[in-house]
file run-v1.txt (compact mmCIF, C-alpha atoms)
# COMPACT_ATOMS: atom_id res chain seq x y z
CA MET A 1 1.44 40.09 87.99
CA ALA A 2 -0.36 39.03 91.09
CA PRO A 3 -2.74 41.57 92.59
CA HIS A 4 -1.65 43.71 95.55
CA ARG A 5 -2.99 42.98 98.98
CA LYS A 6 -4.92 45.71 100.66
CA GLY A 7 -2.72 47.60 103.09
CA GLY A 8 0.70 46.36 104.17
CA HIS A 9 3.75 46.05 101.99
CA ASP A 10 3.95 44.73 98.48
CA ASP A 11 4.00 40.94 98.79
CA GLU A 12 5.27 40.18 95.23
CA ALA A 13 6.37 36.76 93.99
CA PRO A 14 9.99 36.26 92.96
CA ARG A 15 10.65 37.54 89.43
CA ASN A 16 12.09 34.22 88.25
CA ALA A 17 9.10 32.24 89.47
CA SER A 18 6.67 30.78 86.83
CA LEU A 19 3.04 31.78 87.07
CA PHE A 20 1.73 28.59 85.36
CA GLN A 21 1.98 24.89 85.90
CA PHE A 22 0.09 21.77 84.78
CA ASP A 23 -3.18 20.99 86.43
CA PRO A 24 -2.42 17.76 88.25
CA GLU A 25 -6.04 16.64 87.88
CA GLY A 26 -5.77 16.88 84.07
CA GLU A 27 -9.54 17.25 83.61
CA LYS A 28 -10.15 20.89 84.48
CA SER A 29 -10.52 23.27 81.59
CA GLY A 30 -10.01 26.96 81.29
CA VAL A 31 -7.27 29.24 82.49
CA GLN A 32 -7.14 29.98 86.17
CA SER A 33 -5.55 33.20 87.32
CA ALA A 34 -2.35 33.00 89.38
CA ARG A 35 -2.58 33.58 93.04
CA GLY A 36 -1.11 36.86 94.15
CA ASN A 37 0.60 35.73 97.38
CA ASP A 38 3.81 34.16 98.50
CA ARG A 39 2.42 30.67 97.92
CA THR A 40 2.68 31.09 94.13
CA ALA A 41 5.73 29.33 92.73
CA GLY A 42 6.97 27.96 89.46
CA PRO A 43 7.20 24.30 88.60
CA GLY A 44 9.33 22.55 91.12
CA GLY A 45 9.08 25.50 93.45
CA PRO A 46 8.16 25.27 97.05
CA PRO A 47 4.59 24.33 97.83
CA GLY A 48 2.18 26.86 99.19
CA ALA A 49 1.42 27.33 102.82
CA ASP A 50 -1.46 24.87 102.61
CA GLY A 51 0.88 22.20 101.26
CA LYS A 52 -0.85 21.98 97.82
CA ALA A 53 0.80 22.56 94.46
CA PRO A 54 -0.09 25.93 92.94
CA VAL A 55 -2.95 25.74 90.29
CA GLY A 56 -2.50 27.20 86.69
CA PRO A 57 -4.22 26.95 83.24
CA LYS A 58 -4.41 23.66 81.39
CA ILE A 59 -2.00 23.14 78.49
CA TYR A 60 -3.65 21.15 75.62
CA GLU A 61 -2.45 18.78 73.03
CA VAL A 62 -3.49 19.95 69.52
CA SER A 63 -6.05 17.16 69.19
CA GLU A 64 -7.42 18.00 72.64
CA LEU A 65 -7.84 21.65 71.75
CA THR A 66 -9.43 20.77 68.43
CA LYS A 67 -11.78 18.40 70.20
CA LEU A 68 -12.72 21.18 72.60
CA ILE A 69 -13.35 23.62 69.75
CA LYS A 70 -15.40 21.01 67.90
CA LYS A 71 -17.49 20.39 70.99
CA LYS A 72 -18.03 24.11 71.55
CA LEU A 73 -19.04 24.82 67.93
CA GLU A 74 -21.15 21.76 67.37
CA THR A 75 -23.15 22.17 70.56
CA ASP A 76 -23.88 25.85 70.10
CA PRO A 77 -27.55 26.10 69.02
CA ALA A 78 -26.85 29.34 67.16
CA LEU A 79 -24.38 27.53 64.87
CA GLN A 80 -26.44 24.37 64.28
CA ASP A 81 -29.19 26.05 62.26
CA VAL A 82 -27.67 29.00 60.50
CA TRP A 83 -28.50 30.71 57.18
CA VAL A 84 -25.56 31.97 55.12
CA LYS A 85 -25.42 33.64 51.72
CA GLY A 86 -22.44 33.89 49.40
CA GLU A 87 -20.95 33.00 46.03
CA VAL A 88 -19.92 29.46 45.05
CA SER A 89 -16.27 28.78 44.20
CA ASN A 90 -14.07 25.68 43.86
CA PHE A 91 -17.10 23.51 43.10
CA SER A 92 -16.53 19.73 42.85
CA GLN A 93 -18.53 16.53 43.19
CA SER A 94 -17.24 13.16 44.25
CA GLY A 95 -18.02 9.87 42.58
CA LYS A 96 -20.30 8.99 45.47
CA GLY A 97 -22.43 12.07 44.93
CA HIS A 98 -21.13 14.31 47.71
CA ILE A 99 -20.66 17.99 46.78
CA TYR A 100 -17.84 20.23 47.99
CA PHE A 101 -17.37 23.95 47.41
CA SER A 102 -16.50 27.21 49.14
CA LEU A 103 -18.93 29.98 49.92
CA LYS A 104 -17.37 33.43 49.85
CA ASP A 105 -18.04 37.13 50.00
CA ALA A 106 -15.71 40.09 49.62
CA ASN A 107 -14.00 39.55 53.00
CA ALA A 108 -14.19 35.89 53.99
CA ILE A 109 -14.60 32.31 52.82
CA ILE A 110 -15.98 29.15 54.36
CA LYS A 111 -15.75 25.58 53.12
CA CYS A 112 -19.04 23.77 52.59
CA MET A 113 -20.22 20.26 51.84
CA ILE A 114 -23.53 18.75 50.82
CA TRP A 115 -23.85 15.06 51.54
CA ARG A 116 -25.31 12.79 48.90
CA GLU A 117 -28.72 12.34 50.50
CA VAL A 118 -29.21 16.12 50.56
CA ALA A 119 -27.57 16.72 47.16
CA SER A 120 -30.02 14.33 45.46
CA LYS A 121 -32.88 16.65 46.42
CA VAL A 122 -31.34 19.80 44.94
CA LYS A 123 -33.34 20.54 41.79
CA PHE A 124 -30.86 22.83 40.04
CA GLN A 125 -27.21 22.43 39.07
CA LEU A 126 -24.61 24.05 41.30
CA SER A 127 -21.66 25.76 39.65
CA ASP A 128 -18.95 28.32 40.34
CA GLY A 129 -20.21 31.89 40.46
CA LEU A 130 -23.73 30.96 41.51
CA LYS A 131 -25.04 33.00 44.45
CA LEU A 132 -26.72 30.86 47.08
CA LEU A 133 -28.70 31.13 50.25
CA VAL A 134 -27.97 28.02 52.33
CA ARG A 135 -29.02 26.62 55.68
CA GLY A 136 -26.68 24.34 57.55
CA GLU A 137 -24.73 23.50 60.65
CA VAL A 138 -21.17 24.39 61.57
CA THR A 139 -18.87 21.39 61.95
CA VAL A 140 -15.17 20.91 62.56
CA TYR A 141 -12.90 18.65 60.53
CA PRO A 142 -10.14 17.75 62.99
CA GLN A 143 -7.70 16.30 60.47
CA GLY A 144 -7.76 19.53 58.48
CA GLY A 145 -7.94 21.79 61.47
CA GLN A 146 -10.77 23.82 59.94
CA TYR A 147 -14.42 24.48 60.46
CA ASN A 148 -16.97 23.80 57.72
CA LEU A 149 -20.60 24.34 56.93
CA SER A 150 -22.57 21.13 56.42
CA ILE A 151 -25.48 22.24 54.23
CA LEU A 152 -29.01 20.97 54.78
CA GLU A 153 -30.94 23.23 52.39
CA VAL A 154 -29.97 25.19 49.27
CA ARG A 155 -31.72 28.03 47.51
CA PRO A 156 -30.50 30.23 44.66
CA GLU A 157 -30.37 33.80 45.86
CA GLY A 158 -32.88 36.05 44.13
CA ILE A 159 -34.53 33.31 41.96
CA GLY A 160 -36.64 30.24 42.56
CA ALA A 161 -34.77 26.95 42.72
CA LEU A 162 -37.19 25.14 40.41
CA TYR A 163 -37.17 27.94 37.88
CA LEU A 164 -33.38 27.98 37.89
CA ALA A 165 -33.29 24.20 37.43
CA PHE A 166 -35.77 24.51 34.55
CA GLU A 167 -33.65 27.13 32.79
CA GLN A 168 -30.44 25.18 33.34
CA LEU A 169 -31.88 21.97 31.87
CA LYS A 170 -33.49 23.83 28.99
CA LYS A 171 -30.17 25.47 28.12
CA LYS A 172 -28.32 22.15 28.34
CA LEU A 173 -30.71 20.22 26.10
CA GLN A 174 -30.95 23.06 23.63
CA ALA A 175 -27.16 23.09 23.30
CA GLU A 176 -27.31 19.35 22.51
CA GLY A 177 -29.78 19.99 19.69
CA MET A 178 -32.64 18.16 21.40
CA PHE A 179 -35.15 20.86 20.39
CA ASP A 180 -34.12 21.10 16.70
CA ASP A 181 -36.99 21.16 14.20
CA SER A 182 -35.11 18.65 12.04
CA LEU A 183 -35.76 16.00 14.73
CA LYS A 184 -39.51 16.62 14.83
CA ARG A 185 -41.54 13.78 13.31
CA LYS A 186 -44.73 14.33 11.31
CA LEU A 187 -47.99 13.19 12.85
CA PRO A 188 -50.06 10.58 10.97
CA LEU A 189 -52.97 12.03 8.99
CA LEU A 190 -55.52 9.59 10.40
CA PRO A 191 -54.17 7.48 13.29
CA ALA A 192 -55.92 4.19 13.86
CA ILE A 193 -54.84 4.01 17.53
CA VAL A 194 -54.09 7.00 19.78
CA GLY A 195 -52.00 6.31 22.89
CA VAL A 196 -52.57 8.52 25.95
CA VAL A 197 -50.21 8.70 28.92
CA THR A 198 -51.96 10.41 31.81
CA SER A 199 -53.76 9.84 35.09
CA PRO A 200 -56.70 7.42 34.76
CA THR A 201 -58.82 9.69 36.95
CA GLY A 202 -59.73 13.31 36.54
CA ALA A 203 -60.97 15.50 33.72
CA VAL A 204 -57.97 15.18 31.37
CA ILE A 205 -58.64 11.66 30.10
CA GLN A 206 -62.36 12.38 29.81
CA ASP A 207 -61.74 15.56 27.79
CA ILE A 208 -59.42 13.71 25.41
CA ARG A 209 -61.84 10.81 25.07
CA ASN A 210 -64.84 13.05 24.39
CA VAL A 211 -63.07 15.14 21.77
CA LEU A 212 -61.45 12.12 20.12
CA PHE A 213 -64.63 10.08 19.65
CA ARG A 214 -66.77 13.07 18.77
CA ARG A 215 -64.42 13.96 15.93
CA PHE A 216 -63.90 10.39 14.73
CA PRO A 217 -66.12 7.69 16.29
CA ASN A 218 -64.08 4.90 14.67
CA ALA A 219 -60.93 5.92 16.53
CA ARG A 220 -59.29 3.70 19.16
CA LEU A 221 -57.75 4.96 22.40
CA LEU A 222 -55.03 3.14 24.35
CA LEU A 223 -54.52 4.48 27.89
CA ALA A 224 -51.33 4.05 29.93
CA PRO A 225 -52.33 5.07 33.49
CA VAL A 226 -49.55 6.90 35.35
CA ARG A 227 -49.02 9.40 38.09
CA VAL A 228 -48.49 12.90 36.74
CA GLN A 229 -47.26 14.56 39.91
CA GLY A 230 -44.89 13.82 42.78
CA ASP A 231 -41.94 11.52 43.30
CA GLY A 232 -41.71 8.70 40.79
CA ALA A 233 -44.14 10.28 38.31
CA ALA A 234 -41.43 10.93 35.69
CA GLN A 235 -40.26 7.33 35.91
CA GLU A 236 -43.81 6.02 35.38
CA ILE A 237 -44.29 8.25 32.32
CA MET A 238 -40.98 7.02 30.85
CA ALA A 239 -41.99 3.40 31.42
CA ALA A 240 -45.34 4.01 29.69
CA ILE A 241 -43.62 5.51 26.62
CA ARG A 242 -41.23 2.57 26.36
CA LEU A 243 -44.08 0.09 26.81
CA MET A 244 -46.11 1.60 23.97
CA ASN A 245 -43.07 1.58 21.70
CA SER A 246 -42.48 -2.10 22.45
CA LEU A 247 -45.99 -3.31 21.55
CA GLU A 248 -46.15 -5.67 18.56
CA THR A 249 -49.94 -5.54 18.26
CA ASP A 250 -52.23 -2.56 18.92
CA ARG A 251 -49.22 -0.28 18.76
CA PRO A 252 -50.40 3.36 18.77
CA ASP A 253 -49.66 5.60 15.80
CA VAL A 254 -49.24 8.66 18.03
CA ILE A 255 -48.88 9.29 21.78
CA ILE A 256 -50.37 12.14 23.83
CA ILE A 257 -48.70 12.96 27.16
CA ALA A 258 -51.26 14.96 29.09
CA ARG A 259 -51.87 16.67 32.41
CA GLY A 260 -54.03 19.50 33.66
CA GLY A 261 -52.75 22.86 34.83
CA GLY A 262 -50.85 23.56 38.01
CA SER A 263 -47.91 25.32 39.60
CA LEU A 264 -44.30 24.80 38.59
CA GLU A 265 -43.98 22.33 41.43
CA ASP A 266 -47.06 20.42 40.26
CA LEU A 267 -45.71 20.14 36.69
CA TRP A 268 -42.15 19.33 37.74
CA ALA A 269 -42.29 15.68 36.67
CA PHE A 270 -42.39 16.91 33.05
CA ASN A 271 -39.12 18.80 33.53
CA ASP A 272 -37.12 15.63 34.16
CA GLU A 273 -34.02 15.20 31.99
CA GLN A 274 -34.40 11.44 31.60
CA LEU A 275 -38.04 11.85 30.57
CA ALA A 276 -36.97 14.38 27.94
CA ARG A 277 -34.49 11.88 26.50
CA ALA A 278 -37.11 9.11 26.54
CA ILE A 279 -39.51 11.33 24.56
CA ARG A 280 -36.81 12.10 22.01
CA ALA A 281 -35.89 8.41 21.71
CA SER A 282 -39.49 7.31 21.04
CA ALA A 283 -40.13 5.83 17.59
CA ILE A 284 -43.76 6.96 17.86
CA PRO A 285 -44.52 10.70 17.42
CA ILE A 286 -45.39 12.36 20.74
CA ILE A 287 -47.65 15.33 21.50
CA SER A 288 -47.10 17.15 24.79
CA ALA A 289 -50.29 18.56 26.34
CA VAL A 290 -49.21 19.56 29.84
CA GLY A 291 -50.93 22.30 31.78
CA HIS A 292 -52.61 25.36 30.35
CA GLU A 293 -51.63 27.41 27.31
CA THR A 294 -49.27 29.59 29.36
CA ASP A 295 -47.52 26.62 31.01
CA PHE A 296 -44.28 25.39 29.45
CA THR A 297 -42.26 22.33 30.41
CA ILE A 298 -39.16 20.63 29.03
CA ALA A 299 -41.48 17.93 27.62
CA ASP A 300 -43.11 20.62 25.45
CA PHE A 301 -39.81 21.59 23.84
CA VAL A 302 -38.57 18.07 23.15
CA SER A 303 -41.86 16.59 21.88
CA ASP A 304 -42.78 16.49 18.21
CA LEU A 305 -45.70 18.87 18.80
CA ARG A 306 -46.94 20.95 21.73
CA ALA A 307 -50.66 21.36 22.34
CA PRO A 308 -51.87 24.21 24.57
CA THR A 309 -54.34 21.91 26.35
CA PRO A 310 -55.21 18.19 26.41
CA SER A 311 -58.44 18.88 24.48
CA ALA A 312 -56.48 20.75 21.82
CA ALA A 313 -54.13 17.76 21.58
CA ALA A 314 -57.08 15.49 20.74
CA GLU A 315 -58.21 17.97 18.07
CA LEU A 316 -54.73 18.17 16.59
CA VAL A 317 -54.21 14.44 16.44
CA MET A 318 -57.61 13.37 15.09
CA PRO A 319 -59.37 15.08 12.15
CA ASP A 320 -63.13 15.58 12.21
CA ARG A 321 -64.87 12.76 10.32
CA ALA A 322 -67.50 15.01 8.71
CA GLN A 323 -64.81 17.40 7.55
CA MET A 324 -62.78 14.48 6.24
CA GLU A 325 -65.78 13.20 4.28
CA ARG A 326 -66.36 16.66 2.79
CA ARG A 327 -62.70 16.96 1.93
CA ILE A 328 -62.73 13.51 0.30
CA LEU A 329 -65.85 14.44 -1.72
CA ASP A 330 -64.34 17.76 -2.78
CA ARG A 331 -61.09 16.11 -3.74
CA THR A 332 -62.93 13.35 -5.62
CA GLN A 333 -64.80 15.93 -7.66
CA SER A 334 -61.64 17.89 -8.24
CA LEU A 335 -59.85 14.72 -9.28
CA ARG A 336 -62.61 13.78 -11.70
CA LYS A 337 -62.61 17.26 -13.19
CA GLU A 338 -58.86 17.22 -13.47
CA LEU A 339 -58.88 13.75 -15.05
CA ALA A 340 -61.57 14.82 -17.54
CA GLY A 341 -59.55 17.89 -18.42
CA ARG A 342 -56.41 15.86 -18.82
CA PHE A 343 -58.31 13.30 -20.97
CA ASN A 344 -59.61 16.04 -23.26
CA GLN A 345 -56.18 17.56 -23.50
CA SER A 346 -54.71 14.16 -24.27
CA ARG A 347 -57.37 13.49 -26.89
CA GLN A 348 -56.72 16.86 -28.52
CA HIS A 349 -53.02 16.23 -28.37
CA THR A 350 -53.57 12.80 -29.96
CA ASP A 351 -55.59 14.37 -32.77
CA ASP A 352 -52.84 16.90 -33.33
CA LEU A 353 -50.30 14.11 -33.45
CA LEU A 354 -52.43 12.16 -35.96
CA ARG A 355 -52.75 15.19 -38.19
CA ARG A 356 -49.05 15.81 -37.97
CA LEU A 357 -48.41 12.12 -38.64
CA GLU A 358 -50.70 12.10 -41.68
CA LEU A 359 -49.09 15.25 -42.99
CA GLY A 360 -45.66 13.83 -42.39
CA ILE A 361 -46.51 10.53 -44.07
CA GLY A 362 -48.04 12.43 -47.04
CA ASN A 363 -44.91 14.51 -47.39
CA ILE A 364 -42.77 11.39 -47.20
CA LEU A 365 -44.91 9.60 -49.81
CA ASN A 366 -44.82 12.59 -52.13
CA GLY A 367 -41.08 12.74 -51.80
CA LYS A 368 -40.77 9.04 -52.44
CA ARG A 369 -43.16 9.29 -55.41
CA GLU A 370 -41.15 12.11 -56.98
CA LYS A 371 -37.97 10.17 -56.43
CA LEU A 372 -39.56 7.09 -58.00
CA LEU A 373 -40.61 9.10 -61.00
CA ARG A 374 -37.11 10.44 -61.42
CA LEU A 375 -35.69 6.95 -61.20
CA THR A 376 -38.31 5.72 -63.67
CA HIS A 377 -37.30 8.38 -66.13
CA VAL A 378 -33.68 7.40 -65.68
CA LEU A 379 -34.53 3.73 -66.15
CA ASP A 380 -36.66 4.51 -69.16
CA ALA A 381 -33.81 6.48 -70.62
CA MET A 382 -31.49 3.54 -70.09
CA SER A 383 -34.03 0.91 -71.11
CA PRO A 384 -33.19 -1.24 -74.18
CA MET A 385 -36.68 -0.57 -75.49
CA GLN A 386 -35.81 3.10 -75.74
CA VAL A 387 -32.74 2.08 -77.77
CA LEU A 388 -34.87 -0.13 -80.01
CA GLY A 389 -37.25 2.76 -80.52
CA ARG A 390 -34.44 4.75 -82.00
CA GLY A 391 -33.98 2.05 -84.80
CA TYR A 392 -31.62 -0.34 -83.07
CA SER A 393 -32.18 -4.08 -82.63
CA ILE A 394 -30.99 -6.86 -80.35
CA THR A 395 -30.08 -10.31 -81.63
CA ILE A 396 -30.24 -13.28 -79.30
CA ARG A 397 -29.47 -16.94 -79.81
CA GLN A 398 -32.61 -19.01 -79.89
CA ALA A 399 -30.93 -21.95 -78.22
CA THR A 400 -29.60 -20.11 -75.17
CA GLY A 401 -31.51 -16.81 -75.14
CA THR A 402 -28.28 -14.87 -74.73
CA ALA A 403 -27.53 -11.69 -76.60
CA VAL A 404 -25.07 -11.98 -79.47
CA ARG A 405 -22.10 -9.65 -79.04
CA ASP A 406 -19.52 -11.36 -81.22
CA PRO A 407 -20.26 -13.04 -84.54
CA GLY A 408 -17.58 -15.53 -83.70
CA GLU A 409 -19.92 -17.00 -81.12
CA LEU A 410 -22.32 -18.18 -83.86
CA GLU A 411 -22.34 -21.13 -86.11
CA ALA A 412 -23.68 -21.36 -89.60
CA GLY A 413 -27.32 -22.36 -89.64
CA GLU A 414 -27.86 -21.42 -85.94
CA GLY A 415 -31.25 -19.91 -85.22
CA LEU A 416 -31.44 -16.28 -84.13
CA ARG A 417 -34.07 -13.95 -82.81
CA THR A 418 -33.87 -10.28 -83.57
CA LEU A 419 -35.77 -7.90 -81.26
CA LEU A 420 -37.12 -4.75 -82.79
CA ALA A 421 -39.06 -1.84 -81.33
CA ARG A 422 -42.40 -3.24 -82.52
CA GLY A 423 -41.70 -6.98 -82.65
CA ASP A 424 -39.09 -9.56 -83.42
CA VAL A 425 -37.71 -11.52 -86.41
CA LEU A 426 -36.53 -15.12 -86.47
CA SER A 427 -33.63 -16.01 -88.77
CA SER A 428 -30.71 -18.37 -89.16
CA VAL A 429 -27.04 -17.78 -89.72
CA ILE A 430 -25.99 -18.14 -93.31
CA SER A 431 -22.67 -16.41 -93.09
CA ILE A 432 -20.42 -14.99 -90.43
CA ASN A 433 -18.00 -12.12 -90.85
CA ARG A 434 -16.05 -10.06 -88.39
CA ARG A 435 -15.44 -6.40 -88.66
CA GLY A 436 -12.72 -5.91 -91.32
CA GLU A 437 -12.96 -9.52 -92.61
CA GLU A 438 -14.48 -11.04 -95.69
CA PRO A 439 -17.68 -12.97 -95.32
CA CYS A 440 -17.30 -16.73 -94.95
CA PRO A 441 -18.57 -18.72 -96.83
CA PRO A 442 -19.19 -16.29 -99.67
CA LYS A 443 -22.93 -16.18 -100.27
CA ALA A 444 -25.34 -13.58 -101.38
CA GLN A 445 -26.40 -11.50 -98.38
CA GLY A 446 -29.37 -9.40 -97.80
CA LYS A 447 -29.58 -6.38 -95.59
CA LYS A 448 -27.77 -6.99 -92.36
CA GLY A 449 -29.92 -8.19 -89.57
CA ARG A 450 -33.08 -8.72 -91.63
CA LYS A 451 -34.54 -12.05 -92.81
CA LYS A 452 -35.59 -12.26 -96.45
call {"tool": "encode", "arguments": {"input": "run-v1.txt", "output": "structure tokens"}}
result
Amino acid sequence: MAPHRKGGHDDEAPRNASLFQFDPEGEKSGVQSARGNDRTAGPGGPPGADGKAPVGPKIYEVSELTKLIKKKLETDPALQDVWVKGEVSNFSQSGKGHIYFSLKDANAIIKCMIWREVASKVKFQLSDGLKLLVRGEVTVYPQGGQYNLSILEVRPEGIGALYLAFEQLKKKLQAEGMFDDSLKRKLPLLPAIVGVVTSPTGAVIQDIRNVLFRRFPNARLLLAPVRVQGDGAAQEIMAAIRLMNSLETDRPDVIIIARGGGSLEDLWAFNDEQLARAIRASAIPIISAVGHETDFTIADFVSDLRAPTPSAAAELVMPDRAQMERRILDRTQSLRKELAGRFNQSRQHTDDLLRRLELGIGNILNGKREKLLRLTHVLDAMSPMQVLGRGYSITIRQATGTAVRDPGELEAGEGLRTLLARGDVLSSVISINRRGEEPCPPKAQGKKGRKK
């Protein structure tokens, strides 16, 4: 409705007349109010009294309106540096490293993105459900017809970003078994060469050197100078570990990674995931001596041994020479005493065995002797001499020496030898007769078997 004029009658435009028409200039923005007089007319209506076409609000194409909104939002200083807090949902990351997610609260949601160059500086891992405090700028994505928040800075709400990143990496590596005691390697008892990865300047290397050579002057130290703080420090430490592992000569028997105390930010190079994996992959045992006793880093958990300080690491890795000499002397004496005791026990045991052997041999000989006697008695009982002793005799042929069993074997006049218990008798055959037969030839015979 056009406004009423003051005084006079109501000069109202026709009811079927349009109040709006295109701005012929096409560049003016905004909605202009309709004129409340008889010059207002719809499109195609009669021109006003001044001969100009009536002016109305601009009608936009969608892209034109979106462009206008984009320009308004992206040039508003209040929306180009804004802090927003909310909960992460629909988290995703592209292959190029860009991060996309939504930030929401109980009543609203806004889409967010973190471009790769900003995402690479975020120390902790983003995930759904994480509550964030972010700083960014409002932008418009024309193709999607929506506004977004392009994030420039990210902080976890209620907790430090570095601490959260530390806990996330610790939990991840622990789930992989990287901290298991079964993976820990034993340190050498007396390393010939000790490798040290630390800054070449400062008190740390001097403390390690002083303790190492005081405890064992013959020790050798191999230093790999690196940065222990700031960008690129973790990469230098990894390179030093790999270099020491690759040495063919003067290869250290153990490696100490050392740094003095500092804040979480100062020690952050030792919380690098790739450094942790390089420590675990080392073929040489590694001692982590980073910070003070109360400082803990990921390198401490993944190393083979953690030392509370760099000086303590040198004490742990190298025994004291004087103590070693005393231990060697004590063990030598103990060994001698043990060997002497074992020798005496062995000698006593040998004597016992000899006595048992002699007793056993005596028993065996006695048994054999008794058995021999029994056999002798048996043989004596079966001996021909025993038979002769009972009044019997044995006749043998003188020519052959064989015993005569059958008179038919003999010939008349053949010489015989008759064995008696106390001697023998020589005779010759004068007659032969078999049992039950008459003598042949018939001659006078004396007593059988005796020579007249």
call {"tool": "closest_residue", "arguments": {"input": "run-v1.txt", "among": "A:Leu353, A:Leu410, A:Leu79, A:Val134", "to": "A:Val154", "atoms": "all atoms listed in the file"}}
result
A:Val134
call {"tool": "closest_atom_pairs", "arguments": {"input": "run-v1.txt", "of": "stretch 310-351 of chain A", "to": "stretch 217-237 of chain A", "cutoff": "12 Å", "atoms": "only C-alpha atoms", "output": "CSV"}}
result
residue,atom,partner,partner_atom,distance
A:Ala314,CA,A:Leu221,CA,10.7
A:Val317,CA,A:Ala219,CA,10.9
A:Met318,CA,A:Ala219,CA,8.3
A:Pro319,CA,A:Ala219,CA,10.3
A:Asp320,CA,A:Pro217,CA,9.4
A:Arg321,CA,A:Pro217,CA,7.9
A:Ala322,CA,A:Pro217,CA,10.6
call {"tool": "write_last_selection", "arguments": {"input": "run-v1.txt", "atoms": "C-alpha atoms", "output": "short mmCIF file (atom, residue, chain, number, x, y, z; two decimals), keeping the file's coordinate frame"}}
result
data_model
loop_
_atom_site.label_atom_id
_atom_site.label_comp_id
_atom_site.auth_asym_id
_atom_site.auth_seq_id
_atom_site.Cartn_x
_atom_site.Cartn_y
_atom_site.Cartn_z
CA ALA A 314 -57.08 15.49 20.74
CA VAL A 317 -54.21 14.44 16.44
CA MET A 318 -57.61 13.37 15.09
CA PRO A 319 -59.37 15.08 12.15
CA ASP A 320 -63.13 15.58 12.21
CA ARG A 321 -64.87 12.76 10.32
CA ALA A 322 -67.50 15.01 8.71
#
call {"tool": "atom_distance", "arguments": {"input": "run-v1.txt", "atom1": "atom CA of A:Gly97", "atom2": "atom CA of A:Trp115"}}
result
7.4 Å
call {"tool": "closest_residue", "arguments": {"input": "run-v1.txt", "among": "A:Leu133, A:Leu275, A:Met324, A:Val194", "to": "A:Trp83", "atoms": "all atoms listed in the file"}}
result
A:Leu133
call {"tool": "closest_residue", "arguments": {"input": "run-v1.txt", "among": "A:Arg336, A:Lys131, A:Lys184, A:Lys123", "to": "A:Tyr163", "atoms": "only C-alpha atoms"}}
result
A:Lys123
call {"tool": "atom_distance", "arguments": {"input": "run-v1.txt", "atom1": "atom CA of A:Ser182", "atom2": "atom CA of A:Asn245"}}
result
21.2 Å
call {"tool": "residues_near_point", "arguments": {"input": "run-v1.txt", "point": "(-41.7, 19.3, 33.8)", "cutoff": "7 Å", "atoms": "all atoms listed in the file", "output": "ChimeraX atom specification"}}
result
/A:267-272,297-299
call {"tool": "closest_residue", "arguments": {"input": "run-v1.txt", "among": "A:Arg259, A:Arg155, A:Lys96, A:Lys186", "to": "A:Lys121", "atoms": "only C-alpha atoms"}}
result
A:Arg155
call {"tool": "closest_residue", "arguments": {"input": "run-v1.txt", "among": "A:Met244, A:Leu126, A:Ala192, A:Ile151", "to": "A:Val82", "atoms": "all atoms listed in the file"}}
result
A:Ile151
call {"tool": "closest_residue", "arguments": {"input": "run-v1.txt", "among": "A:Leu65, A:Leu388, A:Ala258, A:Ala161", "to": "A:Asp424", "atoms": "all atoms listed in the file"}}
result
A:Leu388
call {"tool": "residues_near_point", "arguments": {"input": "run-v1.txt", "point": "(-47.9, 5.3, 22.4)", "cutoff": "10 Å", "atoms": "only C-alpha atoms", "output": "ChimeraX atom specification"}}
result
/A:193-197,221-224,240-247,250-257,282-286
call {"tool": "atom_distance", "arguments": {"input": "run-v1.txt", "atom1": "atom CA of A:Ala203", "atom2": "atom CA of A:Ser303"}}
result
22.5 Å
call {"tool": "residues_around", "arguments": {"input": "run-v1.txt", "residues": "A:Pro384", "least_positions_apart": "5", "cutoff": "10 Å", "atoms": "all atoms listed in the file", "output": "JSON list (two decimals) with C-alpha atoms, in the coordinates of the input"}}
result
[["chain", "number", "residue", "atom", "x", "y", "z"],
["A", 379, "LEU", "CA", -34.53, 3.73, -66.15],
["A", 389, "GLY", "CA", -37.25, 2.76, -80.52],
["A", 390, "ARG", "CA", -34.44, 4.75, -82.00],
["A", 392, "TYR", "CA", -31.62, -0.34, -83.07],
["A", 393, "SER", "CA", -32.18, -4.08, -82.63],
["A", 394, "ILE", "CA", -30.99, -6.86, -80.35],
["A", 421, "ALA", "CA", -39.06, -1.84, -81.33]]
